[in-house]
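Coordinates as given in upload10.cif (mmCIF, C-alpha atoms and all ligand atoms):
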data_structure
#
loop_
_atom_site.label_atom_id
_atom_site.label_comp_id
_atom_site.auth_asym_id
_atom_site.auth_seq_id
_atom_site.Cartn_x
_atom_site.Cartn_y
_atom_site.Cartn_z
CA MET A 1 42.53 -8.76 12.30
CA LYS A 2 39.53 -8.67 10.08
CA TYR A 3 36.76 -6.21 10.43
CA THR A 4 33.71 -5.53 8.35
CA MET A 5 32.64 -2.24 6.97
CA ALA A 6 29.27 -0.98 8.02
CA LYS A 7 26.74 -1.88 5.41
CA VAL A 8 25.60 1.04 3.33
CA PRO A 9 21.97 1.58 4.28
CA ASP A 10 19.67 0.99 1.38
CA THR A 11 16.90 3.27 0.22
CA PHE A 12 14.28 1.45 2.26
CA ALA A 13 16.27 1.78 5.46
CA ILE A 14 16.71 5.50 4.79
CA MET A 15 13.03 5.82 3.98
CA HIS A 16 12.12 4.02 7.20
CA GLY A 17 14.22 6.51 9.18
CA LEU A 18 12.68 9.47 7.36
CA LEU A 19 9.16 8.24 8.12
CA GLY A 20 9.90 8.61 11.82
CA VAL A 21 10.88 12.23 11.17
CA VAL A 22 7.76 12.77 9.03
CA LYS A 23 5.63 11.54 11.93
CA SER A 24 7.27 13.70 14.61
CA GLU A 25 7.47 16.85 12.45
CA PHE A 26 3.87 16.56 11.33
CA GLU A 27 2.69 15.88 14.87
CA SER A 28 4.48 18.91 16.31
CA ALA A 29 4.30 21.44 13.44
CA GLY A 30 1.44 20.23 11.23
CA GLN A 31 3.76 20.34 8.23
CA LEU A 32 7.03 18.96 6.94
CA SER A 33 10.19 21.06 7.01
CA PRO A 34 11.97 22.05 3.77
CA GLU A 35 14.99 19.94 4.86
CA LEU A 36 12.84 16.84 5.25
CA LEU A 37 11.09 17.47 1.94
CA ARG A 38 14.49 17.82 0.27
CA SER A 39 15.64 14.47 1.67
CA LEU A 40 12.43 12.79 0.54
CA HIS A 41 12.81 14.41 -2.87
CA MET A 42 16.34 13.07 -3.22
CA LEU A 43 14.98 9.55 -2.75
CA HIS A 44 11.83 9.85 -4.82
CA GLY A 45 12.12 12.80 -7.20
CA GLN A 46 8.92 13.72 -9.00
CA THR A 47 7.11 10.76 -7.38
CA LEU A 48 7.21 12.71 -4.11
CA VAL A 49 5.45 15.72 -5.65
CA SER A 50 2.70 13.48 -7.08
CA ALA A 51 2.35 11.64 -3.77
CA LEU A 52 1.97 14.87 -1.82
CA ASP A 53 -0.72 15.95 -4.31
CA LEU A 54 -2.62 12.73 -3.61
CA ILE A 55 -2.36 13.34 0.15
CA ASP A 56 -3.49 16.97 -0.21
CA SER A 57 -6.54 15.87 -2.14
CA LYS A 58 -7.31 13.14 0.45
CA LYS A 59 -6.94 10.19 -1.90
CA VAL A 60 -5.50 7.74 0.64
CA THR A 61 -7.97 5.46 2.44
CA ILE A 62 -7.30 2.58 4.80
CA VAL A 63 -9.91 -0.03 4.00
CA THR A 64 -10.56 -2.55 6.77
CA SER A 65 -12.82 -5.58 6.49
CA ASN A 66 -15.03 -6.81 9.33
CA SER A 67 -12.51 -9.50 10.23
CA GLY A 68 -9.69 -6.94 10.56
CA ARG A 69 -7.76 -7.48 7.32
CA TRP A 70 -6.74 -4.15 5.80
CA VAL A 71 -5.27 -2.64 2.66
CA TYR A 72 -4.69 0.83 1.31
CA GLN A 73 -6.88 2.15 -1.42
CA VAL A 74 -5.34 5.12 -3.20
CA THR A 75 -7.28 6.92 -5.87
CA GLY A 76 -5.04 7.83 -8.78
CA SER A 77 -5.07 11.17 -10.59
CA ALA A 78 -7.44 9.81 -13.25
CA GLY A 79 -9.87 8.58 -10.57
CA THR A 80 -8.89 4.90 -10.66
CA PRO A 81 -8.70 3.33 -7.19
CA TYR A 82 -5.58 1.20 -6.67
CA VAL A 83 -5.10 -1.33 -3.89
CA CYS A 84 -1.71 -1.16 -2.14
CA LEU A 85 -0.72 -3.78 0.41
CA PRO A 86 0.52 -2.85 3.90
CA ASP A 87 4.31 -3.19 4.39
CA SER A 88 4.81 -3.76 0.70
CA ILE A 89 5.70 -1.72 -2.36
CA PHE A 90 3.11 -3.62 -4.41
CA CYS A 91 0.60 -1.47 -6.26
CA GLN A 92 -1.88 -2.30 -9.00
CA CYS A 93 -0.97 0.71 -11.11
CA PRO A 94 0.94 0.61 -14.42
CA ALA A 95 3.78 2.74 -12.99
CA PHE A 96 4.54 -0.01 -10.47
CA LYS A 97 5.02 -2.56 -13.25
CA PHE A 98 7.00 -0.32 -15.57
CA SER A 99 8.91 2.21 -13.46
CA VAL A 100 9.44 0.16 -10.31
CA LEU A 101 9.71 -3.45 -11.51
CA LYS A 102 10.94 -3.15 -15.07
CA LYS A 103 12.94 0.05 -15.48
CA LYS A 104 13.83 0.30 -11.77
CA ASP A 105 13.95 4.10 -12.01
CA SER A 106 11.68 4.51 -8.97
CA VAL A 107 11.75 2.64 -5.67
CA MET A 108 7.99 2.86 -5.34
CA CYS A 109 5.05 4.41 -7.17
CA LYS A 110 3.28 7.58 -6.05
CA HIS A 111 0.34 5.61 -4.58
CA VAL A 112 2.50 3.54 -2.22
CA LEU A 113 4.56 6.61 -1.30
CA ALA A 114 1.36 8.58 -0.63
CA ALA A 115 0.03 5.70 1.49
CA ILE A 116 3.08 5.41 3.74
CA LEU A 117 3.53 9.19 4.08
CA ALA A 118 -0.17 9.73 4.86
CA THR A 119 0.04 6.95 7.46
CA ALA A 120 3.08 8.57 9.11
CA MET A 121 1.26 11.92 9.09
CA GLY A 122 -1.97 10.34 10.38
CA VAL A 123 -4.07 11.81 7.56
CA THR A 124 -5.58 8.72 5.95
CA ASP A 125 -9.30 8.30 5.53
CA LYS A 126 -10.81 5.13 6.95
CA LYS A 127 -13.49 2.88 5.56
CA THR A 128 -14.88 -0.47 6.69
CA ILE A 129 -16.09 -3.01 4.17
CA SER A 130 -17.48 -6.53 4.32
CA ASP A 131 -15.19 -9.57 4.20
CA GLU A 132 -16.78 -10.54 0.90
CA TYR A 133 -15.91 -7.20 -0.64
CA MET A 134 -12.36 -7.43 0.71
CA MET A 135 -11.97 -10.88 -0.86
CA ASP A 136 -13.22 -9.41 -4.08
CA LEU A 137 -10.68 -6.54 -3.93
CA LEU A 138 -7.82 -8.94 -3.24
CA PHE A 139 -8.99 -11.45 -5.82
CA HIS A 140 -8.89 -8.86 -8.56
CA MET A 141 -5.34 -7.73 -7.80
CA ASP A 142 -2.68 -8.97 -10.15
ZN ZN A 201 0.75 2.79 -7.79
#
What would you get if you wrote out this structure as structure tokens?
Amino acid sequence: MKYTMAKVPDTFAIMHGLLGVVKSEFESAGQLSPELLRSLHMLHGQTLVSALDLIDSKKVTIVTSNSGRWVYQVTGSAGTPYVCLPDSIFCQCPAFKFSVLKKKDSVMCKHVLAAILATAMGVTDKKTISDEYMMDLLFHMD
């Protein structure tokens, strides 16, 4: 009789599970436990520390256009705003191209990590822009 081994969950599946814990811990305690931070650090290393810095300094904004389309805008440490797409690891920053796509030594950059953690914690800023401006933001992504 043949049977299949359970598939080893990949990083994104683990991350998805951890986000649920981030949400419930932050809702009930207003902070993340050391155990949870350790798990997140195992997945993301130094990227986690940088992402938490971005969240602490309120750099994550959900930008919604009048017609309801939305993206994340995360301001990097040097003040450059980067657009990150919802449900995607895409980011405009150089670290995405080099560390995530090319060297594959990170699963996502600090901006995307900050965006999804801030969303789970419910601490994003919100901004509404015109459809024209949204088209402009998306047009200038590459
Ligand atoms: Zn980035």
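Near ligand ZN 201 (chain A), at a distance of at most 10 Å and with all atoms listed in the file counted, sit the residues A:Ala51, A:Gln73, A:Val74, A:Thr75, A:Gly76, A:Pro81, A:Tyr82, A:Val83, A:Cys84, A:Ile89, A:Phe90, A:Cys91, A:Gln92, A:Cys93, A:Pro94, A:Ala95, A:Phe96, A:Lys97, A:Ser99, A:Val100, A:Met108, A:Cys109, A:Lys110, A:His111, A:Val112, A:Leu113, A:Ala114, A:Ala115.
Within a radius of 7 Å around (-11.5, -4.8, 1.4), the polymer residues are Val63, Thr64, Ser65, Trp70, Val71, Ile129, Ser130, Asp131, Tyr133, Met134, Met135 and Leu137 of chain A, counting only C-alpha atoms.
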For His44 (chain A), which residue among A:Val123, A:Met15, A:Val22, A:Val60 is the nearest when counting all atoms listed in the file?
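So, comparing all the options, the nearest one is A:Met15.
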Which is closer to Tyr72 (chain A) than all the others in A:Ile14, A:Ile116, A:Met121, A:Ile55, using all atoms listed in the file?
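Answer, going by the shortest atom-to-atom distance: A:Ile116.
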Calculate how many Å separate CA of Val21 (chain A) from CA of Gly45 (chain A), rounding to one decimal.
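Computing the Euclidean distance for CA of Val21 (chain A) and CA of Gly45 (chain A) yields 18.4 Å.
Shortest atom-to-atom contact with Asp56 (chain A) among A:Asp125, A:Asp10, A:Asp136, A:Glu27: A:Asp125, counting all atoms listed in the file.
Using all atoms listed in the file, the nearest neighbour of Leu54 (chain A) within the list A:His16, A:Ala118, A:Gly30, A:Asp105 is A:Ala118.
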When you draw a straight line from CA of Asp53 (chain A) to CA of Ser77 (chain A), how long is it in Å?
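It comes out at 9.0 Å.
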